[in-house]
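*Asks:* Handing over run27.cif, mmCIF, C-alpha atoms.
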data_final
loop_
_atom_site.label_atom_id
_atom_site.label_comp_id
_atom_site.auth_asym_id
_atom_site.auth_seq_id
_atom_site.Cartn_x
_atom_site.Cartn_y
_atom_site.Cartn_z
CA MET Q 1 37.06 -12.82 -2.83
CA ASN Q 2 37.42 -13.14 -6.60
CA TRP Q 3 39.03 -9.84 -7.50
CA GLY Q 4 42.54 -8.57 -6.88
CA SER Q 5 41.78 -4.96 -7.87
CA PRO Q 6 38.85 -2.77 -8.97
CA ALA Q 7 40.22 -2.87 -12.53
CA GLU Q 8 40.05 -6.64 -12.49
CA PHE Q 9 36.48 -6.44 -11.25
CA PHE Q 10 35.41 -4.11 -14.05
CA ALA Q 11 37.22 -6.18 -16.68
CA MET Q 12 35.16 -9.27 -15.69
CA GLY Q 13 37.80 -11.59 -17.09
CA GLY Q 14 37.32 -10.22 -20.60
CA TYR Q 15 33.51 -10.45 -20.48
CA ALA Q 16 33.01 -6.80 -19.43
CA LEU Q 17 30.82 -5.87 -22.42
CA TYR Q 18 28.48 -8.81 -21.89
CA VAL Q 19 28.28 -8.79 -18.10
CA TRP Q 20 27.95 -5.01 -17.70
CA GLY Q 21 25.70 -4.82 -20.77
CA SER Q 22 23.34 -7.22 -19.01
CA PHE Q 23 23.47 -5.77 -15.51
CA GLY Q 24 23.51 -2.18 -16.82
CA VAL Q 25 20.39 -2.46 -18.98
CA CYS Q 26 18.65 -4.41 -16.21
CA ALA Q 27 19.48 -1.69 -13.65
CA VAL Q 28 18.41 1.16 -15.95
CA LEU Q 29 15.06 -0.45 -16.79
CA MET Q 30 14.34 -1.42 -13.19
CA ILE Q 31 14.97 2.17 -12.09
CA LEU Q 32 13.01 3.66 -15.00
CA GLU Q 33 9.88 1.52 -14.61
CA PRO Q 34 9.04 2.59 -11.02
CA ILE Q 35 9.67 6.24 -11.99
CA LEU Q 36 7.23 5.98 -14.91
CA VAL Q 37 4.63 4.24 -12.75
CA ARG Q 38 4.93 6.91 -10.08
CA LYS Q 39 4.50 9.58 -12.77
CA ARG Q 40 1.31 7.85 -13.89
CA GLN Q 41 0.06 7.89 -10.29
CA SER Q 42 0.86 11.56 -9.75
CA SER Q 43 -0.67 12.61 -13.06
CA ILE Q 44 -4.03 10.95 -12.30
CA LEU Q 45 -3.93 12.51 -8.81
CA ARG Q 46 -3.32 15.92 -10.36
CA ILE Q 47 -6.34 15.49 -12.63
CA LEU Q 48 -8.51 14.36 -9.71
CA ARG Q 49 -7.46 17.35 -7.59
CA ARG Q 50 -8.19 19.73 -10.46
CA GLU Q 51 -11.65 18.20 -10.98
CA ARG Q 52 -12.35 18.56 -7.27
CA GLN Q 53 -11.30 22.22 -7.34
CA ALA Q 54 -13.54 22.82 -10.36
CA GLU Q 55 -16.50 21.23 -8.57
CA ILE Q 56 -15.94 23.41 -5.51
CA LEU Q 57 -15.76 26.55 -7.67
CA GLU Q 58 -18.96 25.61 -9.53
CA ASN Q 59 -21.00 24.80 -6.43
CA PRO Q 60 -19.72 27.03 -3.65
CA MET Y 1 -13.95 -19.51 8.26
CA SER Y 2 -16.80 -17.17 7.51
CA ASN Y 3 -14.73 -14.27 8.83
CA ARG Y 4 -11.90 -15.07 6.48
CA LEU Y 5 -14.29 -15.31 3.58
CA ILE Y 6 -15.72 -11.90 4.36
CA SER Y 7 -12.34 -10.17 4.58
CA TRP Y 8 -11.29 -11.90 1.37
CA PHE Y 9 -14.20 -10.38 -0.49
CA LYS Y 10 -13.68 -7.07 1.27
CA TYR Y 11 -10.21 -6.72 -0.23
CA ALA Y 12 -11.51 -7.78 -3.64
CA SER Y 13 -13.07 -4.33 -4.00
CA PRO Y 14 -10.87 -1.55 -5.41
CA GLN Y 15 -11.98 0.79 -2.64
CA SER Y 16 -10.50 -1.31 0.16
CA PHE Y 17 -7.61 -2.70 -1.85
CA TYR Y 18 -6.30 0.79 -2.73
CA PRO Y 19 -5.18 1.72 0.84
CA LEU Y 20 -4.08 -1.86 1.58
CA ALA Y 21 -1.77 -1.82 -1.47
CA GLY Y 22 -0.45 1.56 -0.38
CA ARG Y 23 0.54 0.13 3.00
CA MET Y 24 2.18 -2.96 1.46
CA ILE Y 25 4.32 -1.20 -1.19
CA PRO Y 26 7.09 0.13 1.14
CA TRP Y 27 7.58 -3.33 2.64
CA PHE Y 28 8.04 -4.91 -0.78
CA TRP Y 29 10.54 -2.20 -1.75
CA ALA Y 30 12.46 -2.87 1.48
CA LEU Y 31 12.54 -6.61 0.71
CA THR Y 32 13.67 -5.84 -2.87
CA ALA Y 33 16.57 -3.78 -1.51
CA VAL Y 34 17.60 -6.39 1.08
CA PHE Y 35 17.49 -9.36 -1.31
CA GLY Y 36 19.00 -7.27 -4.12
CA VAL Y 37 22.00 -6.08 -2.12
CA ILE Y 38 22.77 -9.51 -0.65
CA GLY Y 39 22.07 -11.18 -4.00
CA LEU Y 40 24.44 -8.85 -5.89
CA TRP Y 41 27.10 -9.32 -3.23
CA VAL Y 42 26.89 -13.10 -3.57
CA SER Y 43 26.72 -12.85 -7.39
CA PHE Y 44 29.93 -10.86 -7.71
CA PHE Y 45 32.02 -11.46 -4.61
CA VAL Y 46 31.09 -14.82 -3.14
CA ALA Y 47 30.22 -17.06 -6.10
CA PRO Y 48 33.42 -18.46 -7.65
CA THR Y 49 34.54 -18.11 -11.25
CA ASP Y 50 33.03 -20.79 -13.47
CA PHE Y 51 35.65 -23.25 -14.72
CA GLN Y 52 34.14 -23.34 -18.22
CA GLN Y 53 32.55 -19.93 -18.75
CA GLY Y 54 34.89 -17.74 -16.72
CA GLU Y 55 33.27 -14.55 -15.43
CA GLY Y 56 30.76 -14.46 -18.30
CA TYR Y 57 28.51 -16.90 -16.48
CA ARG Y 58 27.60 -14.17 -13.96
CA ILE Y 59 24.93 -13.02 -16.41
CA ILE Y 60 22.80 -15.96 -15.24
CA PHE Y 61 22.29 -14.18 -11.91
CA ILE Y 62 19.87 -11.86 -13.68
CA HIS Y 63 19.04 -13.97 -16.72
CA VAL Y 64 17.47 -16.87 -14.80
CA PRO Y 65 15.46 -14.70 -12.34
CA ALA Y 66 14.15 -12.56 -15.23
CA ALA Y 67 13.17 -15.65 -17.22
CA TRP Y 68 11.46 -17.23 -14.20
CA MET Y 69 9.57 -14.05 -13.41
CA SER Y 70 8.48 -13.59 -17.04
CA MET Y 71 6.80 -17.01 -16.93
CA PHE Y 72 5.50 -16.75 -13.38
CA LEU Y 73 4.04 -13.27 -13.91
CA TYR Y 74 2.30 -14.49 -17.05
CA VAL Y 75 0.56 -17.26 -15.08
CA VAL Y 76 -0.42 -14.80 -12.32
CA MET Y 77 -1.69 -12.31 -14.92
CA ALA Y 78 -3.73 -14.99 -16.70
CA THR Y 79 -5.12 -16.19 -13.35
CA TRP Y 80 -6.34 -12.70 -12.46
CA ALA Y 81 -7.73 -12.27 -15.97
CA GLY Y 82 -9.52 -15.63 -15.73
CA LEU Y 83 -10.95 -14.77 -12.30
CA GLY Y 84 -12.24 -11.51 -13.73
CA LEU Y 85 -13.88 -13.35 -16.58
CA ALA Y 86 -15.48 -15.96 -14.29
CA LEU Y 87 -16.49 -13.81 -11.30
CA ASN Y 88 -16.80 -10.43 -13.01
CA THR Y 89 -14.90 -8.72 -10.20
CA ARG Y 90 -13.57 -5.26 -10.98
CA LEU Y 91 -10.20 -5.59 -9.27
CA SER Y 92 -9.16 -8.74 -11.21
CA GLY Y 93 -8.93 -6.99 -14.56
CA MET Y 94 -7.02 -4.12 -13.00
CA MET Y 95 -4.52 -6.55 -11.46
CA ALA Y 96 -3.99 -8.29 -14.80
CA GLN Y 97 -3.46 -4.91 -16.48
CA ALA Y 98 -1.01 -3.85 -13.76
CA ILE Y 99 1.11 -6.99 -14.08
CA ALA Y 100 1.43 -7.02 -17.90
CA PRO Y 101 4.07 -4.26 -18.37
CA THR Y 102 6.30 -5.68 -15.62
CA GLY Y 103 5.96 -9.14 -17.17
CA ALA Y 104 6.91 -7.70 -20.55
CA LEU Y 105 9.94 -6.05 -18.95
CA MET Y 106 11.04 -9.37 -17.44
CA ALA Y 107 10.54 -11.15 -20.77
CA PHE Y 108 12.61 -8.47 -22.49
CA LEU Y 109 15.37 -8.73 -19.87
CA SER Y 110 15.52 -12.51 -20.23
CA LEU Y 111 15.94 -12.13 -24.02
CA TRP Y 112 18.45 -9.29 -23.72
CA THR Y 113 20.66 -10.95 -21.11
CA GLY Y 114 20.32 -14.23 -22.99
CA ALA Y 115 21.63 -12.60 -26.16
CA LEU Y 116 24.55 -11.06 -24.27
CA TRP Y 117 25.36 -14.46 -22.81
CA GLY Y 118 24.88 -16.28 -26.11
CA LYS Y 119 27.32 -14.14 -28.08
CA PRO Y 120 30.48 -15.05 -26.12
CA MET Y 121 29.37 -18.61 -25.22
CA TRP Y 122 27.65 -19.82 -28.40
CA GLY Y 123 29.07 -17.30 -30.84
CA ALA Y 124 25.61 -15.99 -31.76
CA TRP Y 125 23.35 -13.29 -30.32
CA TRP Y 126 20.31 -15.24 -31.38
CA VAL Y 127 19.38 -18.66 -32.76
CA TRP Y 128 15.92 -19.91 -33.72
CA ASP Y 129 15.99 -22.57 -31.09
CA ALA Y 130 12.86 -23.86 -29.33
CA ARG Y 131 13.62 -22.24 -25.96
CA LEU Y 132 14.53 -18.86 -27.43
CA THR Y 133 11.65 -18.79 -29.89
CA SER Y 134 9.04 -19.69 -27.27
CA ALA Y 135 10.48 -17.03 -24.92
CA LEU Y 136 10.19 -14.48 -27.74
CA ILE Y 137 6.56 -15.52 -28.24
CA LEU Y 138 5.96 -14.90 -24.52
CA PHE Y 139 7.28 -11.36 -24.96
CA PHE Y 140 4.94 -10.86 -27.95
CA LEU Y 141 2.01 -12.21 -25.91
CA TYR Y 142 2.63 -9.55 -23.27
CA ILE Y 143 2.89 -6.85 -25.94
CA GLY Y 144 -0.27 -8.19 -27.61
CA PHE Y 145 -2.15 -8.15 -24.31
CA ILE Y 146 -1.11 -4.55 -23.59
CA ALA Y 147 -1.89 -3.39 -27.14
CA LEU Y 148 -5.29 -5.13 -27.24
CA GLN Y 149 -6.33 -3.57 -23.93
CA ALA Y 150 -5.11 -0.16 -25.05
CA ALA Y 151 -7.11 -0.44 -28.29
CA ILE Y 152 -10.48 -0.92 -26.53
CA ASP Y 153 -11.88 2.19 -24.87
CA ASP Y 154 -14.36 0.50 -22.55
CA ALA Y 155 -12.26 -0.80 -19.65
CA ARG Y 156 -14.49 -3.77 -18.80
CA ARG Y 157 -14.63 -4.94 -22.42
CA ALA Y 158 -10.87 -4.46 -22.69
CA ASP Y 159 -10.51 -6.70 -19.62
CA LYS Y 160 -12.62 -9.42 -21.23
CA ALA Y 161 -10.82 -9.36 -24.57
CA GLY Y 162 -7.46 -9.28 -22.81
CA ALA Y 163 -8.48 -12.18 -20.55
CA ILE Y 164 -9.21 -14.43 -23.55
CA LEU Y 165 -5.83 -13.60 -25.08
CA ALA Y 166 -4.04 -14.14 -21.75
CA LEU Y 167 -5.75 -17.48 -21.13
CA VAL Y 168 -5.07 -18.82 -24.62
CA GLY Y 169 -1.45 -17.71 -24.28
CA VAL Y 170 -0.94 -19.74 -21.10
CA VAL Y 171 -0.31 -22.75 -23.34
CA ASN Y 172 3.05 -21.17 -24.18
CA VAL Y 173 4.35 -21.29 -20.59
CA PRO Y 174 4.74 -25.09 -20.33
CA ILE Y 175 6.12 -25.05 -23.87
CA ILE Y 176 8.90 -22.69 -22.73
CA TYR Y 177 9.52 -24.71 -19.60
CA PHE Y 178 9.75 -28.10 -21.28
CA SER Y 179 11.25 -26.90 -24.59
CA VAL Y 180 14.74 -27.93 -23.48
CA LYS Y 181 13.47 -31.47 -22.88
CA TRP Y 182 11.08 -31.92 -25.79
CA TRP Y 183 13.38 -30.66 -28.51
CA ASN Y 184 17.07 -30.75 -29.16
CA THR Y 185 17.93 -27.22 -28.27
CA LEU Y 186 21.15 -25.29 -28.03
CA HIS Y 187 19.93 -23.85 -24.74
CA GLN Y 188 21.15 -25.80 -21.74
CA GLY Y 189 18.75 -27.81 -19.58
CA SER Y 190 17.06 -26.36 -16.54
CA THR Y 191 19.50 -25.02 -13.97
CA ILE Y 192 17.46 -26.22 -11.05
CA ASN Y 193 15.69 -29.52 -11.18
CA LEU Y 194 13.44 -30.71 -8.38
CA ALA Y 195 14.25 -34.36 -9.15
CA LYS Y 196 18.01 -34.18 -8.72
CA ALA Y 197 20.65 -32.27 -6.82
CA PRO Y 198 21.66 -28.97 -8.45
CA SER Y 199 24.64 -29.27 -10.77
CA MET Y 200 26.18 -25.99 -9.69
CA ALA Y 201 28.17 -24.65 -6.75
CA THR Y 202 26.01 -23.89 -3.72
CA THR Y 203 27.04 -20.24 -3.62
CA MET Y 204 26.06 -19.81 -7.28
CA LEU Y 205 22.69 -21.34 -6.48
CA TRP Y 206 22.23 -19.01 -3.51
CA GLY Y 207 23.11 -15.98 -5.60
CA MET Y 208 20.53 -16.97 -8.16
CA LEU Y 209 17.81 -17.65 -5.58
CA LEU Y 210 18.45 -14.34 -3.78
CA MET Y 211 18.32 -12.44 -7.07
CA ALA Y 212 15.11 -14.30 -7.97
CA LEU Y 213 13.59 -13.19 -4.65
CA ALA Y 214 14.70 -9.60 -5.32
CA PHE Y 215 13.07 -9.69 -8.80
CA TRP Y 216 9.95 -11.19 -7.28
CA MET Y 217 9.61 -8.51 -4.60
CA TYR Y 218 10.36 -5.82 -7.20
CA SER Y 219 7.58 -7.13 -9.44
CA ILE Y 220 5.07 -7.09 -6.59
CA ALA Y 221 6.07 -3.56 -5.54
CA VAL Y 222 5.79 -2.17 -9.08
CA ALA Y 223 2.57 -4.02 -9.90
CA LEU Y 224 0.93 -2.76 -6.69
CA THR Y 225 2.02 0.81 -7.43
CA ARG Y 226 0.62 0.52 -10.94
CA VAL Y 227 -2.65 -1.04 -9.81
CA ARG Y 228 -3.20 1.95 -7.50
CA ALA Y 229 -2.86 4.30 -10.47
CA ILE Y 230 -5.22 2.12 -12.54
CA ILE Y 231 -7.78 2.06 -9.71
CA LEU Y 232 -7.76 5.87 -9.56
CA GLU Y 233 -8.04 6.15 -13.35
CA ARG Y 234 -10.97 3.76 -13.60
CA GLU Y 235 -12.82 4.85 -10.45
CA ALA Y 236 -12.17 8.56 -11.00
CA HIS Y 237 -15.83 9.47 -10.80
CA THR Y 238 -16.74 7.55 -7.67
CA GLU Y 239 -17.34 9.22 -4.32
CA TRP Y 240 -14.69 7.28 -2.43
CA VAL Y 241 -11.96 8.48 -4.80
CA LYS Y 242 -13.13 12.08 -4.42
CA ASP Y 243 -13.02 11.64 -0.64
CA LEU Y 244 -9.42 10.37 -0.59
CA ASN Y 245 -7.04 12.51 1.45
CA GLU Y 246 -4.52 12.72 -1.40
CA VAL Y 247 -7.26 14.10 -3.67
CA LYS Y 248 -8.52 16.61 -1.12
CA ALA Y 249 -5.02 17.87 -0.39
#
Spell out the structure here as structure tokens.
*Replies:*
Amino acid sequence: MNWGSPAEFFAMGGYALYVWGSFGVCAVLMILEPILVRKRQSSILRILRRERQAEILENP
Amino acid sequence: MSNRLISWFKYASPQSFYPLAGRMIPWFWALTAVFGVIGLWVSFFVAPTDFQQGEGYRIIFIHVPAAWMSMFLYVVMATWAGLGLALNTRLSGMMAQAIAPTGALMAFLSLWTGALWGKPMWGAWWVWDARLTSALILFFLYIGFIALQAAIDDARRADKAGAILALVGVVNVPIIYFSVKWWNTLHQGSTINLAKAPSMATTMLWGMLLMALAFWMYSIAVALTRVRAIILEREAHTEWVKDLNEVKA
């Protein structure tokens, strides 16, 4: 174990800005990307469902 | 042999790859979580403090995996693009298009974490050194590929134009890899060398490899999710898409 206390862990031996700046941005982007991709998937599915509904209404 | 060949071609069609990808995605997310949790644990709690760089060295646990993935994904993307150009298969172009944004993300992360490591260790966020410059060019190649494809309305023509760009850009990957050998760079040599024993503590090496696996599984999971969306977008007017359960629902 490297850390005596949580404060020591977050201080990262004086490198807090650099270490957490790296891991933080990495975490944010790797959470954001899957969300955006899933949005893309659900938006094309919404369009496809709407087109299907329109076709059913036109040719009952 | 003939059976394997048949199933290989079967999954080369978007129609049969779409459900297959859907079944694979949860497994790759699970692997991402497992490798990510263990990798982060090793990175922060098992790997010792570096005697030269203190705790600041821990950035390499994401910097190196991101840099590896940015190069690896580029080669995979160019391979798919090249296959599409040679065999004219529909899925290949879609795969290349699905990989590009994730590759660009990895290239960005390698530059970003590199800058945050460079400032305390070198005293500069950025230097025009061979390794850094060629990594920046890789990022621009991804952006160029995405922009070029977005600028061409016809998807198949976009695939072809993108494939040429991707294939020409492959030349940059060995340049990045060997830049630390060919030129006198500020960037340190490769962390892991197949020819000699690693020059770092075993636990540090394990942390890096586990994080690399996590990044790898993440990339596959995201690329497969994106390729499913691309398949639906491009095949929107085919019967099989209209017959999908998620469209009927």
*Asks:* Any idea which chain Y residues end up within 7 Å of chain Q if we count all atoms listed in the file, as a ChimeraX atom specification please?
*Replies:* /Y:45-46,48,54-56,58-59,109,113,116-117,222,225-226,229,232-233,236,247-248
*Asks:* List the residues matched by the PyMOL selection byres ((chain Y and resi 127-130) around 7) in the displayed structure as a list of chain:residue names, ordered by chain and then by residue number.
*Replies:*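 Evaluating the PyMOL selection byres ((chain Y and resi 127-130) around 7) on this file yields Y:Ala124, Y:Trp126, Y:Arg131, Y:Leu132, Y:Thr133, Y:Ser134, Y:Ser179, Y:Trp183, Y:Thr185, Y:Leu186.
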*Asks:* Which residues are close to Thr89 (chain Y), i.e. within 8 Å by only C-alpha atoms, leaving aside same-chain residues fewer than 5 positions away? Reply as a PyMOL selection string.
*Replies:* chain Y and resi 12-13+83-84
*Asks:* Written as a list in words, which residues does the PyMOL selection byres ((chain Y and resi 209-215) around 7) give for the file shown?
*Replies:*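 Checking the PyMOL selection byres ((chain Y and resi 209-215) around 7) against this file, the residues are Thr32, Phe35, Gly36, Gly39, Phe61, Ile62, Pro65, Leu205, Trp206, Gly207, Met208, Trp216, Met217, Tyr218 and Ser219 of chain Y.
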*Asks:* Any idea what the distance is between CA of Ile175 (chain Y) and CA of Gly103 (chain Y)?
*Replies:* 17.3 Å
*Asks:* Since I can't run it myself right now, could you work out what the PyMOL selection byres ((chain Y and resi 141) around 12) selects here and report it as a PyMOL selection string?
*Replies:* chain Y and resi 70-71+74+77-78+100-101+103-104+107-108+134-140+142-148+162-173
*Asks:* Please compute the CA of Pro174 (chain Y)-CA of Val64 (chain Y) distance, one decimal, in Å.
*Replies:*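 CA of Val64 (chain Y) lies 16.1 Å from CA of Pro174 (chain Y).
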*Asks:* In Å, how far is it from CA of Gly114 (chain Y) to CA of Asp50 (chain Y)?
*Replies:*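 Separating CA of Gly114 (chain Y) from CA of Asp50 (chain Y) is a distance of 17.2 Å.
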